[in-house]
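Asks: Data file input_15.csv (CSV, C-alpha atoms) is appended below.
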```csv
chain,number,residue,atom,x,y,z
A,1,MET,CA,0.0,0.0,0.0
A,2,PRO,CA,1.4,3.4,-0.9
A,3,GLU,CA,2.5,5.8,1.8
A,4,GLU,CA,0.6,9.0,2.4
A,5,VAL,CA,2.5,11.9,0.9
A,6,THR,CA,1.7,15.4,2.0
A,7,GLU,CA,3.7,18.5,1.5
A,8,GLY,CA,3.3,21.3,4.1
A,9,ASP,CA,-0.2,21.8,5.5
A,10,PRO,CA,-2.8,20.6,3.0
A,11,SER,CA,-5.9,22.7,2.4
A,12,PRO,CA,-9.1,21.5,4.1
A,13,ASP,CA,-10.3,20.3,0.7
A,14,ARG,CA,-7.2,18.4,0.0
A,15,ARG,CA,-7.2,16.9,3.5
A,16,ARG,CA,-10.7,15.7,2.8
A,17,ILE,CA,-9.6,14.1,-0.4
A,18,LEU,CA,-6.7,12.4,1.3
A,19,ALA,CA,-9.0,11.1,4.0
A,20,LEU,CA,-11.3,9.7,1.4
A,21,ARG,CA,-8.6,7.7,-0.3
A,22,ARG,CA,-9.4,4.0,-0.3
A,23,PRO,CA,-6.8,1.8,1.3
A,24,SER,CA,-7.2,-1.0,-1.2
A,25,ALA,CA,-5.3,0.7,-4.0
A,26,ALA,CA,-3.3,-1.7,-6.1
A,27,GLY,CA,-1.8,-1.7,-9.5
A,28,ARG,CA,-0.2,1.0,-11.6
A,29,VAL,CA,-1.7,4.4,-12.3
A,30,ASP,CA,-2.9,4.6,-15.8
A,31,PRO,CA,-2.8,8.2,-17.0
A,32,GLU,CA,-5.0,7.5,-19.9
A,33,HIS,CA,-7.6,6.2,-17.6
A,34,LEU,CA,-7.4,9.2,-15.4
A,35,ILE,CA,-7.8,11.4,-18.5
A,36,TRP,CA,-10.8,9.4,-19.4
A,37,ALA,CA,-12.2,9.8,-15.9
A,38,TYR,CA,-12.0,13.6,-16.1
A,39,GLN,CA,-13.2,13.7,-19.6
A,40,SER,CA,-16.3,11.7,-18.9
A,41,HIS,CA,-17.5,14.4,-16.5
A,42,VAL,CA,-17.2,17.3,-18.8
A,43,THR,CA,-20.8,17.3,-19.9
A,44,ALA,CA,-22.2,16.8,-16.4
A,45,ILE,CA,-20.1,19.6,-14.9
A,46,TYR,CA,-21.0,21.9,-17.8
A,47,GLN,CA,-24.7,21.2,-17.3
A,48,TYR,CA,-24.3,21.7,-13.6
A,49,LEU,CA,-22.8,25.2,-14.2
A,50,TYR,CA,-25.0,26.1,-17.2
A,51,SER,CA,-28.1,25.4,-15.2
A,52,ARG,CA,-26.9,28.0,-12.6
A,53,VAL,CA,-25.4,30.7,-14.8
A,54,GLY,CA,-27.8,30.4,-17.8
A,55,ASN,CA,-25.4,31.4,-20.6
A,56,ARG,CA,-22.9,29.5,-22.7
A,57,ALA,CA,-19.9,31.9,-22.4
A,58,ASP,CA,-19.9,31.8,-18.6
A,59,ALA,CA,-20.6,28.1,-18.4
A,60,GLU,CA,-17.7,27.4,-20.7
A,61,ASP,CA,-15.2,29.5,-18.8
A,62,LEU,CA,-16.3,28.1,-15.5
A,63,THR,CA,-16.2,24.5,-16.7
A,64,SER,CA,-12.7,25.0,-18.0
A,65,ALA,CA,-11.7,26.6,-14.7
A,66,VAL,CA,-13.1,23.7,-12.7
A,67,PHE,CA,-11.2,21.1,-14.6
A,68,MET,CA,-7.9,22.9,-14.5
A,69,LYS,CA,-8.2,23.6,-10.8
A,70,ALA,CA,-9.3,20.0,-10.1
A,71,ILE,CA,-6.4,18.5,-12.1
A,72,GLY,CA,-3.9,20.8,-10.5
A,73,SER,CA,-5.0,20.0,-6.9
A,74,MET,CA,-6.0,16.4,-6.9
A,75,ARG,CA,-4.2,13.1,-6.4
A,76,SER,CA,-4.6,10.6,-9.1
A,77,ASP,CA,-5.2,7.6,-6.8
A,78,VAL,CA,-8.8,8.2,-6.1
A,79,SER,CA,-11.9,6.3,-7.3
A,80,THR,CA,-14.1,7.7,-9.9
A,81,ALA,CA,-16.7,8.5,-7.3
A,82,GLU,CA,-14.2,10.6,-5.3
A,83,LEU,CA,-13.1,12.3,-8.4
A,84,ARG,CA,-16.7,13.2,-9.2
A,85,ALA,CA,-17.3,14.5,-5.7
A,86,TRP,CA,-14.2,16.6,-5.9
A,87,LEU,CA,-15.2,18.1,-9.3
A,88,TYR,CA,-18.6,19.1,-7.9
A,89,ARG,CA,-16.9,20.6,-4.9
A,90,VAL,CA,-14.6,22.7,-7.0
A,91,ALA,CA,-17.6,23.6,-9.2
A,92,GLN,CA,-19.4,25.0,-6.1
A,93,THR,CA,-16.5,27.2,-5.0
A,94,THR,CA,-15.9,28.4,-8.6
A,95,LEU,CA,-19.6,29.3,-8.9
A,96,ALA,CA,-19.5,31.2,-5.6
A,97,ASP,CA,-16.5,33.2,-6.9
A,98,HIS,CA,-18.5,33.9,-10.1
A,99,TRP,CA,-21.4,35.4,-8.3
A,100,ARG,CA,-19.1,37.5,-6.2
A,101,GLU,CA,-18.3,39.4,-9.3
A,102,PHE,CA,-21.9,40.6,-9.1
A,103,TYR,CA,-22.4,40.9,-5.4
A,104,ALA,CA,-19.3,41.0,-3.2
A,105,GLU,CA,-21.0,39.4,-0.2
A,106,ALA,CA,-22.4,36.4,-2.1
A,107,THR,CA,-21.2,33.3,-0.2
A,108,ARG,CA,-24.1,31.0,-0.2
A,109,GLU,CA,-24.2,28.1,-2.6
A,110,LEU,CA,-27.2,25.9,-2.7
A,111,GLU,CA,-27.3,23.7,0.4
A,112,ASP,CA,-28.9,20.8,-1.4
A,113,ASP,CA,-25.8,20.6,-3.6
A,114,ILE,CA,-23.5,20.5,-0.6
A,115,GLN,CA,-25.6,17.8,1.1
A,116,ARG,CA,-25.6,15.6,-1.9
A,117,GLU,CA,-21.9,16.0,-2.5
A,118,GLY,CA,-20.5,12.9,-4.1
A,119,GLN,CA,-23.6,12.3,-6.1
A,120,ALA,CA,-24.2,13.8,-9.5
A,121,PRO,CA,-26.9,16.4,-9.0
A,122,GLU,CA,-29.6,15.0,-11.2
A,123,ASN,CA,-31.2,16.7,-14.2
A,124,HIS,CA,-34.7,16.0,-13.1
A,125,GLU,CA,-34.0,17.8,-9.9
A,126,ALA,CA,-33.0,20.9,-11.8
A,127,VAL,CA,-36.0,20.6,-14.1
A,128,GLY,CA,-38.2,19.8,-11.1
A,129,ARG,CA,-36.9,22.9,-9.2
A,130,VAL,CA,-37.9,25.1,-12.1
A,131,GLU,CA,-41.3,23.4,-12.4
A,132,THR,CA,-41.9,23.6,-8.6
A,133,LEU,CA,-40.8,27.2,-8.5
A,134,LEU,CA,-43.1,28.3,-11.3
A,135,SER,CA,-46.1,26.3,-9.8
A,136,THR,CA,-45.9,28.2,-6.5
A,137,LEU,CA,-46.0,31.6,-8.1
A,138,PRO,CA,-49.1,33.7,-8.6
A,139,GLU,CA,-50.6,33.2,-12.1
A,140,ASN,CA,-49.4,36.5,-13.6
A,141,TYR,CA,-45.9,36.0,-12.3
A,142,ARG,CA,-45.7,32.5,-13.6
A,143,ARG,CA,-47.1,33.6,-17.0
A,144,VAL,CA,-44.5,36.4,-17.5
A,145,LEU,CA,-41.6,34.1,-16.6
A,146,GLU,CA,-42.9,31.3,-18.9
A,147,LEU,CA,-43.3,33.6,-21.8
A,148,ARG,CA,-40.0,35.3,-21.4
A,149,PHE,CA,-37.8,32.3,-20.4
A,150,LEU,CA,-39.4,29.2,-21.6
A,151,ARG,CA,-40.8,30.5,-24.8
A,152,GLY,CA,-38.2,33.3,-25.4
A,153,TYR,CA,-40.8,36.1,-26.0
A,154,SER,CA,-39.4,39.6,-26.3
A,155,ILE,CA,-40.7,42.3,-24.0
A,156,ARG,CA,-42.9,43.6,-26.8
A,157,GLU,CA,-44.3,40.1,-27.6
A,158,THR,CA,-45.0,39.5,-23.9
A,159,ALA,CA,-46.7,42.9,-23.6
A,160,ARG,CA,-49.0,42.0,-26.5
A,161,GLU,CA,-49.7,38.6,-25.1
A,162,LEU,CA,-50.6,39.9,-21.7
A,163,GLY,CA,-52.3,43.1,-22.8
A,164,LEU,CA,-49.8,45.2,-20.8
A,165,SER,CA,-47.5,48.1,-21.6
A,166,GLU,CA,-43.8,47.2,-22.1
A,167,SER,CA,-42.8,49.0,-19.0
A,168,ASN,CA,-45.4,47.1,-17.0
A,169,VAL,CA,-44.0,43.9,-18.3
A,170,LYS,CA,-40.6,44.8,-17.0
A,171,VAL,CA,-42.1,45.6,-13.7
A,172,LEU,CA,-44.0,42.4,-13.6
A,173,GLN,CA,-40.9,40.5,-14.6
A,174,PHE,CA,-38.9,42.3,-11.9
A,175,ARG,CA,-41.4,41.4,-9.2
A,176,ALA,CA,-41.8,37.8,-10.4
A,177,LEU,CA,-38.0,37.2,-10.4
A,178,ASN,CA,-37.6,38.8,-7.0
A,179,ARG,CA,-40.4,36.8,-5.5
A,180,ALA,CA,-39.1,33.6,-7.1
A,181,GLY,CA,-35.6,34.4,-5.7
A,182,ARG,CA,-36.9,34.9,-2.2
A,183,ASP,CA,-39.0,31.7,-2.4
A,184,ARG,CA,-36.0,29.7,-3.6
A,185,LYS,CA,-33.8,31.1,-0.9
A,186,GLY,CA,-36.5,30.2,1.6
A,187,THR,CA,-36.6,26.6,0.6
A,188,ASN,CA,-32.9,26.0,0.8
B,189,MET,CA,-26.7,50.6,-7.0
B,190,GLU,CA,-30.4,50.0,-6.3
B,191,ASP,CA,-31.9,47.3,-8.5
B,192,ASP,CA,-34.7,48.3,-10.8
B,193,PRO,CA,-36.8,46.6,-13.6
B,194,GLU,CA,-34.7,48.1,-16.4
B,195,GLN,CA,-31.4,47.0,-14.9
B,196,LEU,CA,-32.7,43.5,-14.2
B,197,ASP,CA,-34.2,43.3,-17.7
B,198,ARG,CA,-30.8,44.1,-19.2
B,199,PHE,CA,-29.5,41.0,-17.4
B,200,VAL,CA,-32.4,39.0,-18.7
B,201,GLU,CA,-31.9,40.2,-22.3
B,202,ASP,CA,-28.3,39.1,-22.1
B,203,LEU,CA,-29.3,35.7,-21.0
B,204,LEU,CA,-32.0,35.3,-23.6
B,205,ALA,CA,-29.6,36.4,-26.3
B,206,ASP,CA,-27.0,33.9,-24.8
B,207,ARG,CA,-24.6,36.8,-24.1
B,208,ARG,CA,-22.4,37.0,-21.1
B,209,PRO,CA,-24.2,39.3,-18.7
B,210,GLU,CA,-22.6,42.5,-17.6
B,211,ARG,CA,-21.0,42.4,-14.2
B,212,THR,CA,-23.0,45.1,-12.7
B,213,PRO,CA,-22.3,45.5,-9.0
B,214,LEU,CA,-25.4,44.7,-7.0
B,215,GLU,CA,-26.6,46.2,-3.8
B,216,ASN,CA,-28.2,43.3,-2.0
B,217,ASP,CA,-28.9,39.6,-1.8
B,218,ASP,CA,-32.4,39.9,-3.3
B,219,ALA,CA,-31.0,41.4,-6.5
B,220,LEU,CA,-28.5,38.6,-6.7
B,221,GLU,CA,-31.2,35.9,-6.1
B,222,ALA,CA,-33.4,37.4,-8.8
B,223,ARG,CA,-30.6,37.0,-11.3
B,224,ARG,CA,-29.8,33.5,-10.1
B,225,VAL,CA,-33.4,32.5,-10.7
B,226,ALA,CA,-33.3,34.2,-14.1
B,227,ALA,CA,-30.3,32.1,-15.0
B,228,MET,CA,-31.9,28.9,-13.7
B,229,LEU,CA,-35.0,29.6,-15.8
B,230,ARG,CA,-33.0,30.4,-18.9
B,231,ALA,CA,-31.2,27.1,-18.5
B,232,ALA,CA,-34.5,25.2,-18.3
B,233,ARG,CA,-35.3,26.2,-21.9
B,234,PRO,CA,-35.1,23.2,-24.3
B,235,GLY,CA,-32.0,22.4,-26.1
B,236,ALA,CA,-29.6,24.7,-24.2
B,237,THR,CA,-27.8,22.5,-21.8
B,238,LEU,CA,-25.3,20.5,-23.8
B,239,PRO,CA,-21.8,21.9,-24.4
B,240,SER,CA,-21.0,22.7,-28.0
B,241,ARG,CA,-18.9,20.2,-29.9
B,242,GLU,CA,-16.1,22.7,-30.3
B,243,PHE,CA,-15.9,23.5,-26.7
B,244,GLY,CA,-16.2,19.9,-25.7
B,245,ASP,CA,-13.3,18.9,-28.0
B,246,ARG,CA,-11.1,21.8,-26.8
B,247,LEU,CA,-11.6,21.0,-23.2
B,248,GLN,CA,-11.1,17.2,-23.7
B,249,GLN,CA,-7.7,18.1,-25.3
B,250,ALA,CA,-6.9,20.5,-22.5
B,251,ILE,CA,-7.7,17.9,-19.9
B,252,ALA,CA,-5.5,15.3,-21.6
B,253,ASP,CA,-2.6,17.9,-21.8
B,254,ALA,CA,-3.0,19.0,-18.2
B,255,VAL,CA,-3.0,15.5,-16.8
B,256,ARG,CA,0.0,14.4,-18.8
B,257,ALA,CA,1.9,17.6,-18.0
B,258,ARG,CA,1.2,17.1,-14.3
B,259,GLY,CA,2.5,13.6,-14.5
B,260,ILE,CA,1.6,10.9,-11.9
B,261,PRO,CA,3.8,10.6,-8.9
B,262,ALA,CA,5.3,7.1,-8.7
B,263,LYS,CA,4.0,6.6,-5.2
B,264,GLU,CA,0.4,7.2,-6.2
B,265,MET,CA,-1.2,3.9,-7.1
B,266,LEU,CA,-4.6,3.4,-8.5
B,267,PRO,CA,-7.1,0.7,-7.9
B,268,SER,CA,-7.3,-1.6,-10.8
B,269,ARG,CA,-9.3,-0.4,-13.8
B,270,ARG,CA,-12.1,-2.8,-13.0
B,271,SER,CA,-12.5,-1.9,-9.3
B,272,LEU,CA,-12.2,1.8,-10.2
B,273,LEU,CA,-15.0,1.5,-12.6
B,274,LEU,CA,-17.1,-0.5,-10.2
B,275,THR,CA,-16.7,2.0,-7.3
B,276,GLY,CA,-17.7,4.7,-9.7
B,277,ALA,CA,-20.9,3.0,-10.5
B,278,GLY,CA,-22.9,4.5,-7.6
B,279,SER,CA,-25.4,6.2,-9.8
B,280,MET,CA,-25.5,3.5,-12.4
B,281,ALA,CA,-27.9,0.6,-12.5
B,282,ALA,CA,-25.4,-2.2,-12.3
B,283,GLY,CA,-21.6,-2.4,-12.1
B,284,ILE,CA,-21.3,-5.0,-14.8
B,285,LEU,CA,-23.3,-2.9,-17.2
B,286,ALA,CA,-21.1,0.0,-16.3
B,287,VAL,CA,-18.0,-1.9,-17.3
B,288,LEU,CA,-19.6,-3.0,-20.6
B,289,GLY,CA,-20.7,0.6,-21.3
B,290,VAL,CA,-17.4,2.1,-20.4
B,291,GLU,CA,-15.4,-0.4,-22.5
B,292,ARG,CA,-17.6,0.5,-25.4
B,293,LEU,CA,-17.1,4.2,-24.9
B,294,THR,CA,-13.4,4.0,-24.7
B,295,GLN,CA,-13.0,1.9,-27.8
B,296,ARG,CA,-12.1,4.5,-30.4
B,297,PRO,CA,-12.6,5.4,-33.1
B,298,ALA,CA,-14.9,2.7,-34.5
B,299,PRO,CA,-18.1,2.5,-32.3
B,300,GLN,CA,-19.4,-1.0,-32.1
B,301,PRO,CA,-23.0,-1.7,-33.2
B,302,TRP,CA,-24.9,-1.7,-30.0
B,303,GLN,CA,-26.5,-4.8,-28.7
B,304,PRO,CA,-29.1,-4.8,-25.8
B,305,ALA,CA,-27.3,-6.5,-22.9
B,306,ILE,CA,-30.3,-7.7,-20.9
B,307,ILE,CA,-33.4,-6.5,-22.7
B,308,PRO,CA,-35.5,-8.4,-23.6
B,309,PRO,CA,-34.7,-11.3,-21.3
B,310,HIS,CA,-34.2,-14.5,-23.3
B,311,ARG,CA,-36.1,-16.6,-20.8
B,312,GLY,CA,-39.0,-15.0,-19.0
B,313,SER,CA,-42.7,-15.0,-18.6
B,314,TRP,CA,-45.5,-12.5,-18.7
B,315,GLN,CA,-45.8,-10.7,-15.4
B,316,THR,CA,-48.3,-8.2,-14.1
B,317,LEU,CA,-46.9,-4.7,-13.8
B,318,MET,CA,-49.9,-2.5,-13.0
B,319,ALA,CA,-53.5,-1.9,-13.7
B,320,LEU,CA,-54.2,-0.2,-17.0
B,321,ALA,CA,-56.5,2.2,-15.2
B,322,ASP,CA,-53.5,3.5,-13.2
B,323,LEU,CA,-51.5,4.5,-16.2
B,324,PRO,CA,-52.1,8.1,-17.2
B,325,ASP,CA,-52.2,9.0,-20.9
B,326,SER,CA,-49.0,10.4,-22.5
B,327,THR,CA,-46.9,10.5,-19.3
B,328,PRO,CA,-44.3,7.8,-19.1
B,329,VAL,CA,-44.3,6.0,-15.8
B,330,ARG,CA,-41.1,4.5,-14.4
B,331,PHE,CA,-41.0,1.0,-13.2
B,332,THR,CA,-38.4,-1.5,-11.8
B,333,HIS,CA,-39.2,-5.1,-12.3
B,334,GLY,CA,-36.6,-7.8,-11.6
B,335,PRO,CA,-33.6,-6.8,-13.8
B,336,LEU,CA,-35.7,-4.4,-15.8
B,337,GLU,CA,-35.5,-0.6,-15.4
B,338,GLY,CA,-38.2,0.8,-17.7
B,339,TYR,CA,-40.8,3.3,-18.6
B,340,VAL,CA,-44.3,2.3,-19.6
B,341,ILE,CA,-46.1,4.7,-21.9
B,342,ARG,CA,-49.7,5.0,-22.9
B,343,ARG,CA,-51.0,6.8,-25.9
B,344,GLY,CA,-54.7,6.3,-26.2
B,345,SER,CA,-55.1,2.6,-26.6
B,346,THR,CA,-51.5,1.9,-27.4
B,347,ILE,CA,-49.1,0.8,-24.7
B,348,ARG,CA,-45.4,0.7,-25.1
B,349,ALA,CA,-42.5,0.0,-22.7
B,350,LEU,CA,-38.9,1.1,-23.0
B,351,SER,CA,-35.7,0.5,-21.2
B,352,ALA,CA,-35.0,3.4,-18.8
B,353,LEU,CA,-31.2,3.0,-19.2
B,354,CYS,CA,-29.3,5.5,-21.3
B,355,THR,CA,-27.6,3.8,-24.2
B,356,HIS,CA,-24.4,5.9,-23.6
B,357,MET,CA,-23.7,4.6,-20.1
B,358,PRO,CA,-26.4,2.8,-18.2
B,359,CYS,CA,-27.6,5.7,-16.0
B,360,VAL,CA,-31.4,5.7,-15.3
B,361,LEU,CA,-33.1,8.4,-17.5
B,362,ASN,CA,-35.5,10.9,-16.1
B,363,TRP,CA,-38.6,12.0,-17.9
B,364,SER,CA,-39.0,15.7,-18.2
B,365,THR,CA,-42.6,16.8,-18.3
B,366,LEU,CA,-41.4,20.3,-19.1
B,367,ARG,CA,-39.5,19.3,-22.2
B,368,THR,CA,-41.4,16.0,-22.9
B,369,ARG,CA,-38.3,13.9,-23.4
B,370,PHE,CA,-36.0,11.5,-21.5
B,371,GLU,CA,-32.9,13.1,-20.1
B,372,CYS,CA,-29.8,11.4,-18.8
B,373,PRO,CA,-28.6,12.8,-15.4
B,374,CYS,CA,-25.0,11.6,-16.0
B,375,HIS,CA,-23.9,13.0,-19.3
B,376,GLY,CA,-26.9,14.8,-20.7
B,377,ALA,CA,-28.0,12.6,-23.5
B,378,THR,CA,-31.7,13.0,-24.5
B,379,PHE,CA,-34.3,10.7,-26.0
B,380,ALA,CA,-37.7,11.3,-27.5
B,381,GLU,CA,-40.7,9.5,-26.1
B,382,SER,CA,-40.4,7.0,-28.9
B,383,GLY,CA,-37.0,6.0,-27.5
B,384,THR,CA,-35.0,7.6,-30.4
B,385,ALA,CA,-31.9,9.6,-29.4
B,386,ILE,CA,-32.3,13.3,-29.9
B,387,GLY,CA,-29.5,15.0,-31.8
B,388,THR,CA,-25.9,13.8,-31.9
B,389,TYR,CA,-23.8,12.8,-28.9
B,390,GLY,CA,-20.0,12.6,-29.0
B,391,ASP,CA,-19.0,11.0,-32.2
B,392,GLY,CA,-22.4,10.1,-33.4
B,393,THR,CA,-26.0,9.2,-32.6
B,394,LEU,CA,-26.8,7.0,-29.6
B,395,PRO,CA,-28.8,3.9,-30.2
B,396,PRO,CA,-32.4,4.1,-29.4
B,397,LEU,CA,-33.8,2.8,-26.1
B,398,PRO,CA,-34.6,-0.9,-26.5
B,399,PRO,CA,-38.2,-1.8,-26.2
B,400,ILE,CA,-39.5,-4.1,-23.5
B,401,LYS,CA,-42.3,-6.5,-24.4
B,402,VAL,CA,-45.6,-5.4,-23.0
B,403,ARG,CA,-49.2,-6.5,-23.4
B,404,ILE,CA,-52.6,-5.9,-21.8
B,405,GLN,CA,-54.5,-8.8,-20.2
B,406,GLN,CA,-57.8,-8.2,-18.5
B,407,ASP,CA,-57.1,-4.6,-17.8
B,408,GLN,CA,-53.7,-5.3,-16.4
B,409,ILE,CA,-50.4,-4.3,-18.0
B,410,GLU,CA,-48.0,-7.2,-18.3
B,411,ILE,CA,-44.4,-7.1,-19.2
B,412,PHE,CA,-42.1,-9.9,-20.3
B,413,SER,CA,-39.6,-10.3,-17.5
B,414,VAL,CA,-37.8,-12.8,-15.4
```
Please lay out the structure from this file as structure tokens.

Replies:
Amino acid sequence: MPEEVTEGDPSPDRRRILALRRPSAAGRVDPEHLIWAYQSHVTAIYQYLYSRVGNRADAEDLTSAVFMKAIGSMRSDVSTAELRAWLYRVAQTTLADHWREFYAEATRELEDDIQREGQAPENHEAVGRVETLLSTLPENYRRVLELRFLRGYSIRETARELGLSESNVKVLQFRALNRAGRDRKGTN
Amino acid sequence: MEDDPEQLDRFVEDLLADRRPERTPLENDDALEARRVAAMLRAARPGATLPSREFGDRLQQAIADAVRARGIPAKEMLPSRRSLLLTGAGSMAAGILAVLGVERLTQRPAPQPWQPAIIPPHRGSWQTLMALADLPDSTPVRFTHGPLEGYVIRRGSTIRALSALCTHMPCVLNWSTLRTRFECPCHGATFAESGTAIGTYGDGTLPPLPPIKVRIQQDQIEIFSV
């Protein structure tokens, strides 16, 4: 069994990974396999990030950053499950940094993500979250968000559909998003 | 700066146009939460969640370069390939299937014609799954029966059953009522209600979800299982 090798004081995350290491390791490290293990998570991590930032450019930058950080900081003798857990953990901290560009005090990441660490957050939960969120909103709030986001209507088209002025649509959208944001925060 | 409908709408417009939103400093947590919800809603729109082929290829290459450049310390040892794959199979239906799926995935470049591994069982019998009356129209219902992970789907008087395992790697698919399609939680492949893969994935198109034999007997839905 290999010796534990640590240099200096490892970061809390690194300590965690070291602690996770399974003692039954045997056989040679296969770099090609490690490459494959990282590569097979690209789509999942991209989706995780995309579903939180909602645009391709940011999702791509953040995904690249997650993999480069993870590869630079992780041992290679971990199981695929540990590697996945580590990738999601790095994704969470990377995402928190991203939102700090908008709001300096942003620290909170979704708690459900942290609790389910080690499991891939599942798509249906992301979809389910959106569906649940919309279903709890008052009718006019739900309607404006569906038109704008799920159908991609412009402000003008939404105004026509709802029989409102364009500035009223923006106000309705503002209230709907603020309400949904508070609701979501309340449930986490 | 105090948040207002115009400023928030600029963020929304950026998202809807798939532009990188401006980094406008926000005043409070509510303003941030409103934007996070907007991003979440934008991402729920159909067809937006898979990375582009160009980005995927570029990152795969960068990962390979980074791992090779970092090298692997001699003291670090890895579990054997097989045990590594099996420990990684937590979210997968069965370890052995995971190995089969993974082997297939890593054999490049020529993808092998796909063969259903379990479905349909060669030796089985008709077994009752549920009452026909309990199956809603047009909404696939998940079931687990013996070795089968499946969905049973009713369209008027027609009943079909499909394997619920993604044909990329055997993760159990979810049915999205919002987007009316099957979605894989592991790597994002999607399938139509018919079982046909939607769009391309990796180097080609994934095989369709294999059907499971199903019939109606005296108002009961029966599947061919072991």

Asks: Nearest residue to chain A out of B:Arg246, B:Val360, B:His375, B:Ala321, using only C-alpha atoms?

Replies: B:His375

Asks: When you look at Glu32 (chain A) with a cut-off of 9 Å (counting all atoms listed in the file), what residues show up, excluding the ones that are within fewer than 4 positions of it in the same chain? I need them as a list of chain:residue names.

Replies: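 Listing them by chain and then by number gives A:Trp36, A:Ala37, B:Ala252, B:Val255, B:Arg256.
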
Asks: If you count all atoms listed in the file, which residues fall within 12 Å of Gln406 (chain B), apart from same-chain ones fewer than 6 positions away, as a ChimeraX atom specification?

Replies: /B:316,318-321

Asks: Tell me, in Å to one decimal, how far CA of Cys354 (chain B) is from CA of Cys372 (chain B).

Replies: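 Computed distance, CA of Cys354 (chain B) to CA of Cys372 (chain B), equals 6.4 Å.
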
Asks: Considering all atoms listed in the file, state which residue in the set B:Ile400, B:Leu317, B:Met357, B:Leu350 is at the smallest distance from chain A.

Replies: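 The answer is B:Met357, which sits nearest to chain A.
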
Asks: Give me, please, the distance in Å between CA of Glu139 (chain A) and CA of Arg52 (chain A), quoted to one decimal.

Replies: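 Distance between the two atoms: 24.3 Å.
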
Asks: So that I can check the surroundings of region 153-157 of chain A, please list as a list of chain:residue names every protein, DNA and RNA residue that reaches within 8 Å of it, counting all atoms listed in the file and ignoring chain neighbours fewer than 4 positions away.

Replies: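 Answer for this query is A:Leu147, A:Arg148, A:Phe149, A:Glu161, A:Glu166, A:Val169, A:Lys170.
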
Asks: Looking at all atoms listed in the file, which of A:Val90, A:Met74, A:Val53, A:Val130 is the one that sits closest to Phe199 (chain B)?

Replies: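 Of A:Val90, A:Met74, A:Val53, A:Val130, the one nearest Phe199 (chain B) is A:Val53, counting all atoms listed in the file.
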